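Colleague: Dropping a structure here in structure tokens format, bear with me for questions.
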Amino acid sequence: MFDKFITEDAREIVDTVARALQEALPLDRLSRPDGGLAAETGFWPELLALEWPGVDLPAAIGGSEAGAWTETGIFREFGRHLLSPGVLAVTLAASVAQEGGLPDLARDILKGQVSPALAVPLANGWAGVIGTGDLLLLAGEGGLSLHRTRPEELATAWAFDDTLGAARIRLDPATALTSLPPSAQSRLRLLRLVAAMQNGIAEATLTLSRDHAATRQQFGKPIGAFQAVKHLCADMAVRTAAAGALLGEAALDGADISDCAAAAMTASTAARDNASATIQIFGGMGFTAECPAQLYLKRATLLELVVGGKEGLQDEMLAA
Amino acid sequence: MQGQTQEDHQFREEVRDWLAANVPRDRRPAEAEAMRAYDMAWQRRQWDGGWAGIGWPAEMGGRPLSLTQRFIWYEEYGRIGAPRPGAGFIGLTHAGPTLIAKGTDEQRDHHLKPILRGEHVWCQGFSEPGAGSDLAGLSTKGEIDGDHIVVNGSKIWTSYAHVADYQELLVRTGGGEKRHDGISWVICDMRSPGIEVRPIRTMSGEMHFNQVFYDNMRIPLKNVVGGLNNGWKVAMATLGFERGTGFVIAQIELEREVEQLIALAREGTDRRGRRLIENEAVRAGLATMRAEVRALHAMSNAMMAETARDGVPGAEGSIIRLFSAELNQRIYRFAQELMGPGLVAPDAEAEHWGLGYLNSFRHTIAGGTSQIQRNLIGERVLGLPRG
Ligand SMILES: Cc1cc2nc3c(=O)[nH]c(=O)nc-3n(C[C@H](O)[C@H](O)[C@H](O)COP(=O)(O)OP(=O)(O)OC[C@H]3O[C@@H](n4cnc5c(N)ncnc54)[C@H](O)[C@@H]3O)c2cc1C
């Protein structure tokens, strides 16, 4: 679907990115003690030098204007390889800064001189931060805004995804560097890129499950021979195909907010349900921290929150 | 529950009073040794109060209550939110009952009271890397050498092995025509030379289970329970015990969680400032869950009554088990969605529901996966042919 319509040029770039990620950040990095976020941030200078986060941003701020298909394809690879939501924060913060009239800040972000993190609004003026950074991109119903922060201001404790950390901070809307309404182009980008990452997660978990079902033997045969397992895999394939088709629509020129919302909503459900099914198909192994299935589940859950959760997306779908 | 007498009512009062005065209120520590100490101290307290070994024979240190009274005990236990047996679980619900049913006098004398007094932690060494759902495919070898069994191989997902004193261990001691033959159920001293325990972190970040390696570890033959090469039957008997009253605590806990969610929905507001409880989707979810938790309770009431009549729990246990595991998952997924972005806030509420959500994944895997439960229901309850 998405893959059928992607242009040759875009595909080539995306394939290169996929190969580089496979080499630099293979999934088995996550079972090494130093392999989580540390390995990923070690790779970031290279990632920025290759201009992946700015691949569809204007040249004036250091982007390479390669188009939405390329950007979407690359973010799908980010999802597949379990890159942290921090990478989404980089592209989005640069996009918001540029759209909000702060080109210098946008440039600094793409150069890696500022490290942005995603935040979602909580009750009473608080925001929940996913990971940590010195620039927060608050993604809420009112739109998108950028806020300076100091990492040491962030009060941390238990985190849903302990490879990322979580923090709580009070954000005063008056001190925002810039704010964009929900209709902004950057918000379309957010929805499309979350859809892309969720597609990567849905596809990766489908592959993990399929491979395990084909090789793990119990009762003298591969567990995929049992319909109870085979049908779980088939359902995963159906969800993944639907999400992939909508991702293609969201990457078309002229895609509107409801196209992007449909893609983000369907892909988020596919990613979460596929990750849950993968945990089940891996049995005891699926319940461990070593198995990537749980990280896919946590990332899919957090990414869904960044676009307003299930309810936010439903509103978006019913807006017109 | 029906058929409660005046005596039962008095009993309930007594249980309530004792629990209210004795249930530990401090948080269960996360660190292994401190966690063990906490669980064992709570068990010891129940022993001292005369509440250890509910349903066990008196001569083995237990408190042989009527079925109704056992039910009342667990109900009140769950209602007040008393800590689960934790590290004491296998000893109390598997190993102890197995020794009561199949053990020698020597084995019972040595092990039962320490379990009840909170002195010994037991773990269950059944699953192996190659044998999970297909337990009869286990290959950990036990070779007879004089009056010992020499064990080589590995067990995995062994809960609490890192703090355990003993293990109920299944090893292959005989050839046998059928795979179910030639398995023995043995008492393994976790301090024996040749044993190594490696903790495995769970997806919720906890150190709960382990892989255990056996390298020429020697176990005296007198530690075999229920006869050499007869372990499959012994093991099946053990798995049956769990289906009894122990589930009641989990149900009451779920009931409390649903009530807490309803309270949360009454206080909290949705994105438009409306009370969550006025949101139709939230109402539908909460109402369904409240009914389902009640159904779970009713199903176990019925099973208890049946067990009382027939003496053994029926195969319907797998229905309750499956329903309970999947209901648990639905409830926590609903809770996680109800919390919305609150999941990202590093506070106690996020931790409670977030951890509950992550841990809910274990229930459809541990102790027989949902797929296997469905097979069992199809074959043993409905009489469909085996796949
Ligand atoms: C938190 C936790 C604690 C545990 N504690 C213990 C413990 O203390 N002691 C112990 O011995 N074990 C313990 N276990 C292990 C548990 O019993 C096994 O994980 C479980 O039986 C599944 O085995 P497996 O992991 O090998 O998965 P597999 O058997 O490999 O199953 C993989 C997938 O295949 C499916 N499948 C397999 N066979 C069939 C079939 N015939 N039909 C349809 N589907 C099938 C399963 O449902 C599953 O989805 C624990 C597990 C967990 C998660």
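Residues in the structure tokens are numbered from 1 in each chain, the chains being A, B, ... in the order shown, and ligands are numbered from 1 in the order shown.
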Please tabulate, as CSV, the residues of chain A that come within 8 Å of chain B, each with its closest pair of atoms and the distance in Å to one decimal, counting only C-alpha atoms and ordering rows by chain, then residue number upward.
Modeller:
residue,atom,partner,partner_atom,distance
A:Val120,CA,B:Pro341,CA,6.4
A:Pro121,CA,B:Pro341,CA,7.0
A:Leu122,CA,B:Gly342,CA,6.2
A:Ala127,CA,B:Ala345,CA,7.7
A:Gly128,CA,B:Ala345,CA,5.1
A:Val129,CA,B:Val344,CA,6.8
A:Ile130,CA,B:Val344,CA,6.9
A:Thr156,CA,B:Pro346,CA,6.1
A:Ala157,CA,B:Pro346,CA,5.1
A:Trp158,CA,B:Pro346,CA,5.2
A:Ala159,CA,B:Pro346,CA,6.0
A:Phe160,CA,B:Gly354,CA,6.2
A:Asp162,CA,B:Gly205,CA,7.9
A:Ala166,CA,B:Pro346,CA,6.1
A:Ala167,CA,B:Pro346,CA,5.8
A:Arg168,CA,B:Ala345,CA,5.7
A:Gln217,CA,B:Gly130,CA,7.9
A:Gln218,CA,B:Asp134,CA,5.6
A:Phe219,CA,B:Asp134,CA,5.6
A:Ala228,CA,B:Gln371,CA,6.1
A:Val229,CA,B:Gln371,CA,7.8
A:Ser276,CA,B:Phe361,CA,8.0
A:Ile279,CA,B:Phe361,CA,7.6
A:Gln280,CA,B:Ile365,CA,6.7
A:Gly283,CA,B:Ile365,CA,5.7
A:Gly284,CA,B:Ile365,CA,6.5
A:Phe287,CA,B:Met203,CA,5.4
A:Thr288,CA,B:Thr202,CA,4.0
A:Ala289,CA,B:Met203,CA,4.2
A:Glu290,CA,B:Arg201,CA,7.4
A:Gln294,CA,B:Met203,CA,6.0
A:Leu302,CA,B:Val344,CA,8.0
A:Leu305,CA,B:Pro341,CA,6.0
A:Gly309,CA,B:Gly340,CA,6.6
A:Lys310,CA,B:Glu337,CA,7.9
Colleague: Which residues in region 235-296 of chain A does DSSP call helix (DSSP H, G or I)? List them as number ranges by chain.
Modeller: A: 235-251, 257-281, 283-287, 292-296
Colleague: Between CA of Arg218 (chain B) and CA of Met190 (chain B), what distance in Å does the model show, to one decimal?
Modeller: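 According to the coordinates, CA of Arg218 (chain B) and CA of Met190 (chain B) are separated by 11.1 Å.
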Colleague: Which of these, B:Glu76, B:Glu280, B:Glu306, B:Glu128, has the shortest distance to ligand 1 once you count only C-alpha atoms and all ligand atoms?
Modeller: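 Closest to ligand 1 of all the choices is B:Glu128.
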Colleague: So the first atom is CA of Ala66 (chain A) and the second is CA of Asp256 (chain A); what is the distance between them in Å, to one decimal place?
Modeller: 19.7 Å
Colleague: Given only C-alpha atoms and all ligand atoms as the basis, pick out the residue of B:Ala235, B:Ile277, B:Ala287, B:Ala308 nearest to ligand 1.
Modeller: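 Looking only at the distances to ligand 1, the closest residue turns out to be B:Ala235.
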Colleague: Region 42-56 of chain A: which residues within 8 Å, counting only C-alpha atoms, same-chain residues fewer than 2 positions away excluded, as an mmCIF file with C-alpha atoms, in the first residue's frame?
Modeller:
data_model
loop_
_atom_site.group_PDB
_atom_site.id
_atom_site.type_symbol
_atom_site.label_atom_id
_atom_site.label_comp_id
_atom_site.auth_asym_id
_atom_site.auth_seq_id
_atom_site.Cartn_x
_atom_site.Cartn_y
_atom_site.Cartn_z
ATOM 1 C CA ALA A 24 24.000 0.953 13.945
ATOM 2 C CA ALA A 38 22.688 5.419 25.413
ATOM 3 C CA ALA A 39 23.410 3.603 22.160
ATOM 4 C CA GLU A 40 20.757 5.611 20.401
ATOM 5 C CA PRO A 58 12.913 23.770 4.289
ATOM 6 C CA GLY A 62 19.004 23.126 7.220
ATOM 7 C CA GLY A 63 16.451 20.659 5.913
ATOM 8 C CA SER A 64 16.698 18.804 2.622
ATOM 9 C CA GLU A 65 13.169 19.170 1.192
ATOM 10 C CA ALA A 66 12.973 15.576 0.020
ATOM 11 C CA GLY A 67 9.208 15.387 0.438
ATOM 12 C CA ALA A 68 6.585 13.847 2.660
ATOM 13 C CA THR A 70 10.588 10.148 2.165
ATOM 14 C CA GLU A 71 9.977 11.601 5.604
ATOM 15 C CA ILE A 74 12.042 7.214 7.298
ATOM 16 C CA VAL A 87 13.671 11.754 17.339
ATOM 17 C CA LEU A 88 10.091 12.776 16.634
ATOM 18 C CA VAL A 90 13.535 16.907 16.939
ATOM 19 C CA THR A 91 11.652 17.021 13.648
ATOM 20 C CA ALA A 94 12.117 22.247 14.214
ATOM 21 C CA LEU A 110 18.451 20.381 13.422
ATOM 22 C CA LYS A 111 22.125 20.918 14.241
ATOM 23 C CA GLY A 112 21.648 19.158 17.557
#
Colleague: Quick one, how far is CA of Gln124 (chain B) from CA of Glu168 (chain B)?
Modeller: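 The value is 5.1 Å.
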Colleague: Could you check which of B:Ser154, B:Asn279, B:Thr288, B:Asn301 is closest to ligand 1, using only C-alpha atoms and all ligand atoms?
Modeller: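 Of all the options, B:Ser154 lies closest to ligand 1.
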Colleague: In terms of the shortest atom-to-atom distance over only C-alpha atoms, which of B:Leu254, B:Ala298, B:Leu228, B:Leu99 is closest to Gly356 (chain B)?
Modeller: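 Result for the nearest residue to Gly356 (chain B): B:Leu254.
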Colleague: Tell me which of B:Asn216, B:Thr173, B:Thr93, B:Gln260 sits closest to ligand 1, counting only C-alpha atoms and all ligand atoms.
Modeller: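 Once distances to ligand 1 are computed over only C-alpha atoms and all ligand atoms, the minimum belongs to B:Thr93.
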Colleague: Determine the nearest neighbour of Asn210 (chain B) from the options B:Cys123, B:Val258, B:Ala291, B:Ala37, counting only C-alpha atoms.
Modeller: B:Cys123
Colleague: Excluding Gly103 (chain B) and any residue of its chain fewer than 5 positions from it, enumerate the residues within 7 Å of it, using only C-alpha atoms, and give them as a list in words.
Modeller: Thr98, Arg108, Val225 and Gly226 of chain B
Colleague: With C-alpha atoms retained, could you export that selection as a PDB file, in the first residue's frame?
Modeller:
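Saved to result.pdb:
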ATOM      1  CA  THR B  98       0.947 -31.692  47.290  1.00  0.00           C
ATOM      2  CA  ARG B 108       5.350 -33.495  55.831  1.00  0.00           C
ATOM      3  CA  VAL B 225       7.146 -37.259  46.232  1.00  0.00           C
ATOM      4  CA  GLY B 226       4.400 -39.642  45.123  1.00  0.00           C
TER       5      GLY B 226
END
Colleague: Hey, what's within 12 Å of region 138-149 of chain B if we count only C-alpha atoms and toss same-chain stuff fewer than 6 positions away? As a PyMOL selection string, please?
Modeller: (chain A and resi 218-219) or (chain B and resi 125-132+155-156+169-175+179-188+212-224+228-229+231-232)
